[in-house]
file protein08.cif (mmCIF, C-alpha atoms)
data_entry
loop_
_atom_site.label_atom_id
_atom_site.label_comp_id
_atom_site.auth_asym_id
_atom_site.auth_seq_id
_atom_site.Cartn_x
_atom_site.Cartn_y
_atom_site.Cartn_z
CA MET A 16 6.05 12.01 7.81
CA ARG A 17 5.07 13.04 11.31
CA LEU A 18 6.09 10.42 13.85
CA GLU A 19 5.98 10.20 17.63
CA THR A 20 8.86 8.31 19.23
CA LYS A 21 9.70 7.22 22.76
CA LYS A 22 12.02 4.80 24.46
CA GLU A 23 11.07 2.25 27.07
CA GLY A 24 14.04 0.35 28.44
CA GLY A 25 15.93 -0.84 25.40
CA VAL A 26 12.89 -0.70 23.14
CA PHE A 27 12.32 2.17 20.75
CA ILE A 28 8.66 2.83 19.99
CA ILE A 29 7.45 4.62 16.88
CA ARG A 30 3.91 5.77 16.35
CA SER A 31 2.67 7.42 13.17
CA LEU A 32 0.78 10.68 13.49
CA GLU A 33 -0.34 10.32 9.87
CA SER A 34 -3.34 8.16 8.98
CA ARG A 35 -2.01 7.21 5.54
CA MET A 36 1.31 5.53 4.90
CA ASP A 37 1.60 5.72 1.14
CA ALA A 38 4.05 6.55 -1.64
CA LYS A 39 3.89 10.24 -0.70
CA VAL A 40 5.43 9.67 2.74
CA ALA A 41 7.33 6.39 2.30
CA VAL A 42 10.66 7.98 1.39
CA ASP A 43 10.57 10.38 4.35
CA PHE A 44 9.60 7.55 6.71
CA ARG A 45 12.49 5.41 5.53
CA ALA A 46 14.99 8.25 6.01
CA GLU A 47 13.64 9.23 9.42
CA ILE A 48 13.71 5.68 10.81
CA ALA A 49 17.16 5.05 9.33
CA ARG A 50 18.40 8.02 11.35
CA HIS A 51 16.97 6.55 14.57
CA ILE A 52 18.49 3.15 13.78
CA ASP A 53 21.87 4.75 13.11
CA ASP A 54 21.57 6.39 16.53
CA GLY A 55 21.61 2.89 18.02
CA ASN A 56 17.91 2.05 18.24
CA LYS A 57 17.79 -1.49 16.91
CA HIS A 58 14.87 -2.93 18.87
CA ILE A 59 11.86 -1.18 17.44
CA VAL A 60 8.12 -1.45 17.91
CA PHE A 61 6.22 0.26 15.11
CA ASN A 62 2.75 1.01 16.43
CA VAL A 63 0.55 1.33 13.34
CA GLY A 64 -2.65 1.83 15.33
CA GLY A 65 -3.13 5.34 13.94
CA ILE A 66 -2.70 4.23 10.34
CA ASN A 67 -5.85 3.40 8.39
CA PHE A 68 -4.26 3.05 4.95
CA ILE A 69 -0.99 1.52 3.85
CA ASP A 70 0.06 0.75 0.28
CA SER A 71 2.96 -1.28 -1.13
CA SER A 72 5.28 1.74 -0.94
CA GLY A 73 4.55 2.02 2.77
CA LEU A 74 5.14 -1.69 3.24
CA GLY A 75 8.34 -1.45 1.23
CA ALA A 76 9.57 1.35 3.50
CA ILE A 77 8.98 -0.80 6.59
CA VAL A 78 10.83 -3.70 4.96
CA SER A 79 13.71 -1.34 4.18
CA CYS A 80 13.85 -0.36 7.86
CA LEU A 81 13.85 -4.02 8.88
CA LYS A 82 16.85 -4.62 6.64
CA HIS A 83 18.56 -1.55 8.10
CA VAL A 84 18.05 -2.90 11.63
CA GLY A 85 19.78 -6.08 10.52
CA ARG A 86 20.01 -9.43 12.21
CA GLU A 87 21.33 -8.03 15.48
CA GLY A 88 18.13 -6.06 16.00
CA GLU A 89 14.39 -6.43 15.54
CA LEU A 90 11.48 -4.45 14.17
CA VAL A 91 7.99 -5.61 15.08
CA ILE A 92 4.51 -4.33 14.30
CA ALA A 93 1.79 -3.55 16.85
CA GLU A 94 -1.88 -2.58 16.82
CA ALA A 95 -2.58 -3.12 13.12
CA ASP A 96 -6.29 -2.91 12.43
CA GLU A 97 -8.07 -5.49 10.29
CA THR A 98 -7.63 -3.59 7.04
CA VAL A 99 -3.95 -2.75 7.49
CA LEU A 100 -3.30 -6.32 8.61
CA SER A 101 -4.97 -7.56 5.42
CA MET A 102 -2.26 -5.78 3.41
CA PHE A 103 0.50 -7.53 5.36
CA LYS A 104 -1.25 -10.85 4.66
CA LEU A 105 -1.91 -10.10 0.99
CA THR A 106 1.79 -9.41 0.39
CA ARG A 107 2.84 -12.26 2.72
CA MET A 108 4.65 -9.78 4.94
CA ASP A 109 2.85 -11.35 7.90
CA ARG A 110 5.46 -14.13 7.54
CA VAL A 111 8.28 -11.59 7.80
CA PHE A 112 7.21 -9.40 10.71
CA ARG A 113 6.15 -10.39 14.19
CA ILE A 114 2.79 -8.71 14.65
CA TYR A 115 1.34 -8.00 18.10
CA GLU A 116 -2.16 -6.95 19.02
CA THR A 117 -0.99 -4.30 21.47
CA GLU A 118 2.06 -2.11 21.91
CA ARG A 119 2.42 -3.43 25.47
CA GLU A 120 2.60 -7.04 24.27
CA ALA A 121 5.23 -6.10 21.72
CA ILE A 122 7.37 -4.27 24.29
CA GLN A 123 7.12 -7.16 26.74
CA ALA A 124 8.08 -9.68 24.06
CA MET A 125 11.14 -7.65 23.12
CA SER A 126 12.15 -7.05 26.72
CA THR A 127 12.31 -10.72 27.67
CA MET B 8 -30.38 -0.65 -14.04
CA GLU B 9 -28.05 1.74 -15.79
CA SER B 10 -24.49 1.87 -14.54
CA LYS B 11 -23.28 4.91 -12.66
CA LYS B 12 -20.18 6.63 -13.89
CA ILE B 13 -17.77 9.18 -12.54
CA THR B 14 -14.33 10.29 -13.70
CA PHE B 15 -11.59 11.55 -11.41
CA SER B 16 -8.70 13.56 -12.76
CA ILE B 17 -5.50 14.55 -11.00
CA ASP B 18 -2.06 15.80 -11.86
CA SER B 19 0.72 13.19 -11.89
CA ASN B 20 1.80 14.03 -8.35
CA LEU B 21 1.91 11.46 -5.53
CA ARG B 22 0.59 14.16 -3.20
CA ASP B 23 -2.81 14.03 -4.91
CA VAL B 24 -3.31 10.25 -5.11
CA ALA B 25 -5.04 10.09 -1.72
CA LEU B 26 -7.80 12.37 -3.06
CA ILE B 27 -8.93 9.65 -5.45
CA GLY B 28 -8.28 6.85 -2.95
CA LEU B 29 -10.49 8.41 -0.30
CA SER B 30 -13.26 9.14 -2.83
CA ILE B 31 -13.25 5.56 -4.09
CA ASN B 32 -13.30 4.20 -0.56
CA LYS B 33 -16.42 6.24 0.15
CA ILE B 34 -18.18 5.09 -3.03
CA CYS B 35 -17.25 1.43 -2.46
CA SER B 36 -18.52 1.55 1.12
CA GLN B 37 -22.02 1.94 -0.37
CA ILE B 38 -21.92 -1.43 -2.15
CA PRO B 39 -22.09 -4.93 -0.65
CA LEU B 40 -18.42 -5.43 0.18
CA SER B 41 -16.66 -5.94 3.50
CA ASP B 42 -14.48 -3.23 5.04
CA VAL B 43 -11.39 -5.22 4.07
CA GLU B 44 -12.57 -5.58 0.45
CA VAL B 45 -13.32 -1.85 0.23
CA TYR B 46 -9.87 -1.08 1.63
CA GLN B 47 -8.19 -3.45 -0.81
CA ILE B 48 -10.04 -1.97 -3.79
CA GLU B 49 -8.87 1.49 -2.72
CA ALA B 50 -5.35 0.06 -2.43
CA CYS B 51 -5.53 -1.35 -5.98
CA VAL B 52 -6.54 1.98 -7.48
CA VAL B 53 -3.84 3.77 -5.47
CA GLU B 54 -1.24 1.20 -6.62
CA ALA B 55 -2.31 1.65 -10.24
CA ILE B 56 -2.05 5.43 -10.01
CA ASN B 57 1.32 5.21 -8.23
CA ASN B 58 2.59 2.96 -11.03
CA THR B 59 1.39 5.46 -13.61
CA ILE B 60 3.12 8.37 -11.91
CA GLU B 61 6.34 6.47 -11.15
CA HIS B 62 6.71 4.51 -14.39
CA ALA B 63 4.57 6.06 -17.15
CA TYR B 64 5.53 9.60 -16.16
CA LYS B 65 8.89 8.87 -14.46
CA ASN B 66 7.79 10.81 -11.36
CA SER B 67 7.33 14.05 -13.25
CA SER B 68 4.31 16.17 -12.37
CA GLY B 69 2.26 18.15 -14.87
CA ASN B 70 0.75 15.14 -16.65
CA PRO B 71 -2.85 13.95 -16.59
CA VAL B 72 -4.01 10.87 -14.68
CA GLU B 73 -7.65 9.88 -15.05
CA VAL B 74 -9.61 7.23 -13.20
CA LYS B 75 -12.95 6.32 -14.76
CA LEU B 76 -15.25 4.49 -12.36
CA ASN B 77 -18.20 2.49 -13.64
CA LEU B 78 -20.54 1.02 -11.03
CA GLY B 79 -22.86 -1.66 -12.39
CA ILE B 80 -25.39 -3.93 -10.78
CA ASP B 81 -22.88 -6.65 -9.93
CA ARG B 82 -19.45 -5.12 -10.53
CA ILE B 83 -17.33 -2.05 -10.24
CA THR B 84 -14.78 -1.20 -12.91
CA PHE B 85 -11.90 1.24 -12.81
CA GLU B 86 -9.94 2.47 -15.81
CA VAL B 87 -6.68 4.19 -14.89
CA CYS B 88 -5.61 6.20 -17.93
CA ASP B 89 -2.38 7.96 -18.80
CA ILE B 90 -0.56 9.26 -21.88
CA GLY B 91 2.93 8.36 -20.69
CA ILE B 92 5.32 5.51 -21.37
CA ARG B 93 3.47 2.24 -21.86
CA MET B 94 4.03 -0.54 -19.39
CA MET B 95 6.16 -3.38 -20.71
CA ALA B 96 4.26 -6.57 -21.28
CA SER B 97 5.26 -9.01 -18.60
CA HIS B 98 4.21 -12.28 -17.10
CA THR B 99 1.80 -12.43 -14.20
CA PRO B 100 3.51 -10.77 -11.26
CA SER B 101 4.62 -13.10 -8.50
CA LEU B 102 5.78 -12.47 -4.99
CA ASP B 103 7.91 -15.43 -4.07
CA PHE B 104 10.45 -14.81 -1.36
CA ASP B 105 11.98 -16.48 1.64
CA PRO B 106 10.76 -14.62 4.74
CA ASP B 107 13.98 -15.57 6.54
CA ASP B 108 16.24 -14.19 3.81
CA LEU B 109 16.42 -10.68 5.22
CA GLU B 110 18.72 -9.21 2.58
CA ASN B 111 16.49 -10.28 -0.30
CA LEU B 112 13.07 -9.31 1.02
CA PRO B 113 11.14 -7.32 -1.60
CA GLU B 114 10.83 -3.56 -1.06
CA GLY B 115 8.98 -2.95 -4.33
CA GLY B 116 7.21 -4.74 -7.12
CA MET B 117 4.22 -5.55 -4.94
CA GLY B 118 1.70 -3.20 -6.56
CA LEU B 119 0.73 -5.29 -9.58
CA PHE B 120 0.72 -8.42 -7.44
CA ILE B 121 -1.79 -6.80 -5.07
CA ILE B 122 -3.97 -5.76 -8.01
CA GLN B 123 -3.93 -9.29 -9.48
CA GLN B 124 -4.81 -10.79 -6.10
CA VAL B 125 -7.70 -8.48 -5.30
CA MET B 126 -9.36 -7.79 -8.64
CA ASP B 127 -11.41 -10.32 -10.62
CA GLN B 128 -10.32 -9.03 -14.03
CA VAL B 129 -7.26 -6.98 -14.98
CA ASP B 130 -6.47 -5.80 -18.51
CA TYR B 131 -3.86 -3.40 -19.84
CA THR B 132 -4.16 -1.81 -23.26
CA SER B 133 -2.21 0.81 -25.18
CA GLY B 134 -3.35 2.62 -28.28
CA ASN B 135 -3.73 6.06 -29.81
CA GLY B 136 -1.23 7.44 -27.35
CA GLN B 137 -3.17 6.34 -24.30
CA ASN B 138 -2.53 3.54 -21.79
CA ILE B 139 -5.44 2.06 -19.84
CA LEU B 140 -5.28 -0.33 -16.90
CA LYS B 141 -8.78 -1.74 -16.49
CA MET B 142 -9.64 -3.46 -13.20
CA THR B 143 -12.96 -5.09 -12.36
CA LYS B 144 -14.28 -6.33 -9.04
CA ILE B 145 -17.44 -8.45 -9.04
CA PHE B 146 -19.54 -8.29 -5.91
CA THR B 147 -22.62 -10.45 -6.45
CA ASN B 148 -23.21 -13.61 -4.44
CA LYS B 149 -20.83 -12.48 -1.71
CA PRO B 150 -21.28 -14.41 1.53
#

call {"tool": "encode", "arguments": {"input": "protein08.cif", "output": "C-alpha coordinates"}}
result
Amino acid sequence: MRLETKKEGGVFIIRSLESRMDAKVAVDFRAEIARHIDDGNKHIVFNVGGINFIDSSGLGAIVSCLKHVGREGELVIAEADETVLSMFKLTRMDRVFRIYETEREAIQAMST
Amino acid sequence: MESKKITFSIDSNLRDVALIGLSINKICSQIPLSDVEVYQIEACVVEAINNTIEHAYKNSSGNPVEVKLNLGIDRITFEVCDIGIRMMASHTPSLDFDPDDLENLPEGGMGLFIIQQVMDQVDYTSGNGQNILKMTKIFTNKP
(Lines of atoms letter the chains of each structure in order from A and count residues from 1; the text may use other names and numbers.)
(Lines give C-alpha, C1' and ligand atoms only; values in the text may rest on other atoms or scores of the structure.)
Protein backbone atom coordinates (compact mmCIF):
# COMPACT_ATOMS: atom_id res chain seq x y z
CA MET A 1 0.00 0.00 0.00
CA ARG A 2 1.46 3.34 -0.99
CA LEU A 3 1.70 5.68 1.98
CA GLU A 4 3.13 9.14 2.54
CA THR A 5 4.65 9.73 5.97
CA LYS A 6 6.10 12.74 7.76
CA LYS A 7 6.97 13.75 11.28
CA GLU A 8 5.94 16.94 13.00
CA GLY A 9 7.42 17.29 16.47
CA GLY A 10 6.67 14.03 18.19
CA VAL A 11 3.72 13.23 15.95
CA PHE A 12 4.00 10.79 13.07
CA ILE A 13 1.58 11.50 10.23
CA ILE A 14 0.49 8.89 7.72
CA ARG A 15 -1.46 9.65 4.59
CA SER A 16 -2.70 7.02 2.17
CA LEU A 17 -1.90 7.47 -1.50
CA GLU A 18 -4.44 4.77 -2.34
CA SER A 19 -8.15 5.61 -2.58
CA ARG A 20 -9.30 2.15 -1.43
CA MET A 21 -8.32 0.53 1.83
CA ASP A 22 -9.64 -2.98 1.41
CA ALA A 23 -8.69 -6.62 1.93
CA LYS A 24 -6.20 -6.40 -0.94
CA VAL A 25 -4.01 -3.85 0.84
CA ALA A 26 -4.86 -4.41 4.52
CA VAL A 27 -2.05 -6.89 5.20
CA ASP A 28 0.59 -4.64 3.63
CA PHE A 29 -0.73 -1.62 5.53
CA ARG A 30 -0.55 -3.47 8.83
CA ALA A 31 3.04 -4.58 8.19
CA GLU A 32 4.19 -1.16 7.00
CA ILE A 33 2.73 0.70 9.99
CA ALA A 34 4.05 -1.92 12.42
CA ARG A 35 7.53 -1.17 11.08
CA HIS A 36 7.08 2.56 11.75
CA ILE A 37 5.74 1.86 15.25
CA ASP A 38 8.70 -0.42 15.97
CA ASP A 39 10.95 2.46 14.91
CA GLY A 40 9.55 4.41 17.86
CA ASN A 41 6.63 6.28 16.28
CA LYS A 42 3.87 5.80 18.82
CA HIS A 43 1.89 9.01 18.40
CA ILE A 44 0.27 8.64 15.03
CA VAL A 45 -2.22 10.65 13.00
CA PHE A 46 -3.71 8.61 10.18
CA ASN A 47 -5.04 11.07 7.63
CA VAL A 48 -7.68 9.16 5.66
CA GLY A 49 -8.69 12.15 3.55
CA GLY A 50 -7.53 10.47 0.35
CA ILE A 51 -9.46 7.28 1.05
CA ASN A 52 -12.93 6.97 -0.45
CA PHE A 53 -13.55 3.32 0.38
CA ILE A 54 -12.72 1.27 3.44
CA ASP A 55 -14.02 -2.21 4.27
CA SER A 56 -13.87 -4.28 7.45
CA SER A 57 -10.42 -5.61 6.53
CA GLY A 58 -9.14 -2.05 6.30
CA LEU A 59 -10.74 -1.19 9.63
CA GLY A 60 -9.30 -4.35 11.16
CA ALA A 61 -5.82 -3.34 9.98
CA ILE A 62 -6.15 0.06 11.67
CA VAL A 63 -7.33 -1.63 14.88
CA SER A 64 -4.32 -3.94 14.70
CA CYS A 65 -2.04 -0.88 14.45
CA LEU A 66 -3.78 0.70 17.44
CA LYS A 67 -3.07 -2.42 19.47
CA HIS A 68 0.55 -2.38 18.29
CA VAL A 69 0.92 1.23 19.46
CA GLY A 70 -0.28 0.11 22.87
CA ARG A 71 -1.38 2.14 25.83
CA GLU A 72 1.76 4.27 25.93
CA GLY A 73 0.99 5.68 22.50
CA GLU A 74 -1.96 6.88 20.45
CA LEU A 75 -3.35 6.48 16.96
CA VAL A 76 -6.01 8.94 15.85
CA ILE A 77 -7.95 9.43 12.63
CA ALA A 78 -8.22 12.68 10.66
CA GLU A 79 -10.15 13.98 7.65
CA ALA A 80 -12.54 11.06 7.21
CA ASP A 81 -15.23 11.93 4.70
CA GLU A 82 -18.90 11.21 5.38
CA THR A 83 -18.88 7.79 3.77
CA VAL A 84 -15.69 6.52 5.41
CA LEU A 85 -16.88 7.91 8.74
CA SER A 86 -20.13 5.97 8.31
CA MET A 87 -18.11 2.74 8.33
CA PHE A 88 -16.44 3.67 11.62
CA LYS A 89 -19.90 4.38 13.06
CA LEU A 90 -21.49 1.23 11.64
CA THR A 91 -18.83 -0.95 13.28
CA ARG A 92 -18.80 1.22 16.44
CA MET A 93 -15.14 2.01 15.86
CA ASP A 94 -16.02 5.68 16.34
CA ARG A 95 -16.06 4.80 20.07
CA VAL A 96 -12.52 3.41 19.84
CA PHE A 97 -10.69 6.05 17.81
CA ARG A 98 -10.49 9.77 18.36
CA ILE A 99 -11.56 11.25 15.05
CA TYR A 100 -10.63 14.80 14.02
CA GLU A 101 -11.98 16.86 11.17
CA THR A 102 -8.55 18.08 10.10
CA GLU A 103 -4.99 16.82 10.30
CA ARG A 104 -3.99 20.10 11.98
CA GLU A 105 -6.53 19.62 14.77
CA ALA A 106 -5.29 16.09 15.34
CA ILE A 107 -1.64 17.17 15.51
CA GLN A 108 -2.47 19.99 17.92
CA ALA A 109 -4.48 17.67 20.16
CA MET A 110 -1.61 15.20 20.32
CA SER A 111 0.99 17.89 20.90
CA THR A 112 -0.67 19.35 23.99
CA MET B 1 -41.67 -2.26 -14.94
CA GLU B 2 -39.43 -5.22 -15.59
CA SER B 3 -36.40 -5.59 -13.37
CA LYS B 4 -32.96 -4.96 -14.80
CA LYS B 5 -30.37 -7.65 -14.39
CA ILE B 6 -26.64 -7.90 -14.76
CA THR B 7 -24.15 -10.55 -13.67
CA PHE B 8 -20.55 -9.86 -12.71
CA SER B 9 -17.98 -12.62 -12.67
CA ILE B 10 -14.46 -12.54 -11.28
CA ASP B 11 -11.76 -14.95 -10.26
CA SER B 12 -11.44 -15.63 -6.53
CA ASN B 13 -8.68 -13.07 -6.11
CA LEU B 14 -8.91 -10.12 -3.69
CA ARG B 15 -7.19 -8.00 -6.33
CA ASP B 16 -10.31 -8.11 -8.51
CA VAL B 17 -12.98 -7.39 -5.88
CA ALA B 18 -12.78 -3.62 -6.41
CA LEU B 19 -13.88 -4.10 -10.04
CA ILE B 20 -17.30 -5.27 -8.88
CA GLY B 21 -17.44 -2.79 -5.99
CA LEU B 22 -16.86 0.19 -8.25
CA SER B 23 -19.40 -1.06 -10.81
CA ILE B 24 -22.07 -1.54 -8.16
CA ASN B 25 -21.38 1.89 -6.69
CA LYS B 26 -21.97 3.42 -10.12
CA ILE B 27 -25.23 1.52 -10.66
CA CYS B 28 -26.53 2.32 -7.17
CA SER B 29 -25.76 6.01 -7.61
CA GLN B 30 -28.55 6.04 -10.23
CA ILE B 31 -31.26 5.03 -7.74
CA PRO B 32 -32.80 7.09 -4.93
CA LEU B 33 -30.25 6.41 -2.19
CA SER B 34 -27.93 8.75 -0.33
CA ASP B 35 -24.17 8.74 -0.93
CA VAL B 36 -23.68 6.97 2.39
CA GLU B 37 -26.26 4.28 1.52
CA VAL B 38 -24.64 3.70 -1.88
CA TYR B 39 -21.25 3.41 -0.21
CA GLN B 40 -22.57 0.97 2.39
CA ILE B 41 -24.23 -1.20 -0.27
CA GLU B 42 -20.93 -1.36 -2.13
CA ALA B 43 -19.26 -2.28 1.17
CA CYS B 44 -21.76 -5.12 1.74
CA VAL B 45 -21.11 -6.66 -1.65
CA VAL B 46 -17.35 -6.30 -1.17
CA GLU B 47 -17.61 -7.92 2.29
CA ALA B 48 -19.64 -10.80 0.85
CA ILE B 49 -17.11 -11.39 -1.92
CA ASN B 50 -14.19 -11.14 0.52
CA ASN B 51 -15.88 -13.75 2.72
CA THR B 52 -16.33 -16.03 -0.27
CA ILE B 53 -12.69 -15.75 -1.29
CA GLU B 54 -11.31 -16.04 2.25
CA HIS B 55 -13.63 -18.73 3.62
CA ALA B 56 -15.35 -20.60 0.78
CA TYR B 57 -12.17 -20.76 -1.29
CA LYS B 58 -9.58 -20.49 1.54
CA ASN B 59 -7.84 -17.62 -0.28
CA SER B 60 -7.04 -19.71 -3.33
CA SER B 61 -7.45 -18.09 -6.73
CA GLY B 62 -8.74 -19.84 -9.83
CA ASN B 63 -12.32 -20.26 -8.61
CA PRO B 64 -15.45 -18.51 -9.86
CA VAL B 65 -17.23 -15.76 -7.93
CA GLU B 66 -20.45 -14.42 -9.42
CA VAL B 67 -22.55 -11.48 -8.33
CA LYS B 68 -26.03 -11.33 -9.84
CA LEU B 69 -27.64 -7.91 -9.52
CA ASN B 70 -31.38 -7.48 -9.91
CA LEU B 71 -32.71 -3.91 -9.88
CA GLY B 72 -36.46 -3.69 -9.36
CA ILE B 73 -38.82 -0.79 -8.94
CA ASP B 74 -38.37 -0.57 -5.17
CA ARG B 75 -35.41 -2.79 -4.35
CA ILE B 76 -32.01 -3.96 -5.42
CA THR B 77 -30.94 -7.55 -4.84
CA PHE B 78 -27.49 -9.09 -4.99
CA GLU B 79 -26.73 -12.80 -5.11
CA VAL B 80 -23.10 -13.62 -4.36
CA CYS B 81 -22.50 -17.15 -5.64
CA ASP B 82 -19.64 -19.58 -5.15
CA ILE B 83 -18.97 -23.31 -5.42
CA GLY B 84 -16.62 -23.52 -2.44
CA ILE B 85 -16.99 -24.58 1.17
CA ARG B 86 -20.40 -23.66 2.53
CA MET B 87 -20.61 -21.17 5.35
CA MET B 88 -21.42 -22.70 8.71
CA ALA B 89 -24.86 -21.85 9.99
CA SER B 90 -24.47 -19.42 12.83
CA HIS B 91 -26.47 -17.04 14.92
CA THR B 92 -26.94 -13.44 13.91
CA PRO B 93 -23.51 -11.81 14.01
CA SER B 94 -22.96 -9.38 16.84
CA LEU B 95 -20.28 -6.83 17.47
CA ASP B 96 -20.20 -6.34 21.20
CA PHE B 97 -16.93 -5.07 22.59
CA ASP B 98 -15.59 -2.72 25.19
CA PRO B 99 -13.97 0.21 23.36
CA ASP B 100 -11.57 0.68 26.28
CA ASP B 101 -10.40 -2.94 26.26
CA LEU B 102 -7.58 -2.40 23.78
CA GLU B 103 -6.30 -5.97 23.73
CA ASN B 104 -9.69 -7.43 22.86
CA LEU B 105 -10.85 -5.03 20.17
CA PRO B 106 -12.11 -6.95 17.12
CA GLU B 107 -9.86 -7.03 14.05
CA GLY B 108 -12.16 -9.30 12.06
CA GLY B 109 -15.63 -10.74 12.04
CA MET B 110 -17.20 -7.42 11.11
CA GLY B 111 -18.22 -8.26 7.54
CA LEU B 112 -21.42 -10.18 8.22
CA PHE B 113 -22.36 -7.69 10.93
CA ILE B 114 -22.07 -4.84 8.40
CA ILE B 115 -24.21 -6.76 5.91
CA GLN B 116 -26.91 -7.45 8.51
CA GLN B 117 -26.94 -3.79 9.56
CA VAL B 118 -27.17 -2.31 6.08
CA MET B 119 -29.34 -4.75 4.13
CA ASP B 120 -33.09 -5.21 4.63
CA GLN B 121 -33.06 -8.94 3.88
CA VAL B 122 -30.18 -11.42 4.02
CA ASP B 123 -30.47 -15.12 3.16
CA TYR B 124 -27.85 -17.81 2.72
CA THR B 125 -28.59 -21.04 0.88
CA SER B 126 -26.54 -24.03 -0.21
CA GLY B 127 -27.58 -26.67 -2.69
CA ASN B 128 -26.46 -28.51 -5.80
CA GLY B 129 -22.87 -27.59 -5.05
CA GLN B 130 -23.53 -23.87 -5.02
CA ASN B 131 -23.67 -21.37 -2.14
CA ILE B 132 -25.67 -18.17 -2.52
CA LEU B 133 -25.71 -15.17 -0.21
CA LYS B 134 -28.75 -13.10 -1.18
CA MET B 135 -28.92 -9.50 0.03
CA THR B 136 -31.78 -7.09 -0.62
CA LYS B 137 -31.98 -3.36 -0.07
CA ILE B 138 -35.37 -1.67 -0.34
CA PHE B 139 -35.35 1.96 -1.37
CA THR B 140 -38.96 3.13 -1.62
CA ASN B 141 -40.36 5.75 0.74
CA LYS B 142 -36.89 7.01 1.63
CA PRO B 143 -36.94 10.44 3.25

call {"tool": "interface_residues", "arguments": {"input": "protein08.cif", "of": "chain B", "to": "chain A", "cutoff": "8 Å", "atoms": "only C-alpha atoms", "output": "PyMOL selection string"}}
result
chain B and resi 21-22+42-43+46-47+50+53-54+57+102+106-107+109-110+112-115+117-118+120-121+124

call {"tool": "resolve_selection", "arguments": {"input": "protein08.cif", "expression": "the PyMOL selection byres ((chain B and resi 83-89) around 6)", "output": "mmCIF file with C-alpha atoms, in the frame of the given file"}}
result
data_model
loop_
_atom_site.group_PDB
_atom_site.id
_atom_site.type_symbol
_atom_site.label_atom_id
_atom_site.label_comp_id
_atom_site.auth_asym_id
_atom_site.auth_seq_id
_atom_site.Cartn_x
_atom_site.Cartn_y
_atom_site.Cartn_z
ATOM 1 C CA VAL B 72 -4.010 10.870 -14.680
ATOM 2 C CA GLU B 73 -7.650 9.880 -15.050
ATOM 3 C CA VAL B 74 -9.610 7.230 -13.200
ATOM 4 C CA LYS B 75 -12.950 6.320 -14.760
ATOM 5 C CA LEU B 76 -15.250 4.490 -12.360
ATOM 6 C CA ASN B 77 -18.200 2.490 -13.640
ATOM 7 C CA LEU B 78 -20.540 1.020 -11.030
ATOM 8 C CA GLY B 79 -22.860 -1.660 -12.390
ATOM 9 C CA ARG B 82 -19.450 -5.120 -10.530
ATOM 10 C CA ILE B 90 -0.560 9.260 -21.880
ATOM 11 C CA GLY B 91 2.930 8.360 -20.690
ATOM 12 C CA GLN B 137 -3.170 6.340 -24.300
ATOM 13 C CA ASN B 138 -2.530 3.540 -21.790
ATOM 14 C CA ILE B 139 -5.440 2.060 -19.840
ATOM 15 C CA LEU B 140 -5.280 -0.330 -16.900
ATOM 16 C CA LYS B 141 -8.780 -1.740 -16.490
ATOM 17 C CA MET B 142 -9.640 -3.460 -13.200
ATOM 18 C CA THR B 143 -12.960 -5.090 -12.360
ATOM 19 C CA LYS B 144 -14.280 -6.330 -9.040
#

call {"tool": "residues_around", "arguments": {"input": "protein08.cif", "residues": "Gly64 in chain A", "least_positions_apart": "2", "cutoff": "6 Å", "atoms": "only C-alpha atoms", "output": "PyMOL selection string"}}
result
chain A and resi 62+66+94-95

call {"tool": "axis_aligned_box", "arguments": {"input": "protein08.cif", "around": "range 27-42 of chain B", "padding_each_side": "6 Å", "output": "JSON"}}
result
{"center_x": -15.2, "center_y": 1.9, "center_z": -0.2, "size_x": 25.8, "size_y": 27.6, "size_z": 22.5}

call {"tool": "atom_distance", "arguments": {"input": "protein08.cif", "atom1": "CA of Asn20 in chain B", "atom2": "CA of Asn58 in chain B"}}
result
11.4 Å

call {"tool": "atom_distance", "arguments": {"input": "protein08.cif", "atom1": "CA of Asp81 in chain B", "atom2": "CA of Leu40 in chain B"}}
result
11.1 Å

call {"tool": "closest_residue", "arguments": {"input": "protein08.cif", "among": "A:Ile122, A:Val60, A:Ile114, A:Lys104", "to": "Ile28 in chain A", "atoms": "all atoms listed in the file"}}
result
A:Val60

call {"tool": "atom_distance", "arguments": {"input": "protein08.cif", "atom1": "CA of Met36 in chain A", "atom2": "CA of Ala55 in chain B"}}
result
16.0 Å

call {"tool": "closest_residue", "arguments": {"input": "protein08.cif", "among": "A:Arg45, A:Arg17, A:Arg30, A:Lys22", "to": "His58 in chain A", "atoms": "only C-alpha atoms"}}
result
A:Lys22

call {"tool": "residues_around", "arguments": {"input": "protein08.cif", "residues": "Val45 in chain B", "least_positions_apart": "3", "cutoff": "7 Å", "atoms": "all atoms listed in the file", "output": "PyMOL selection string"}}
result
chain B and resi 32+35-36+40-42+48-49

call {"tool": "resolve_selection", "arguments": {"input": "protein08.cif", "expression": "the PyMOL selection byres ((chain A and resi 123) around 12)", "output": "number ranges by chain"}}
result
A: 23-26, 58, 60, 91, 93, 115, 117-122, 124-127
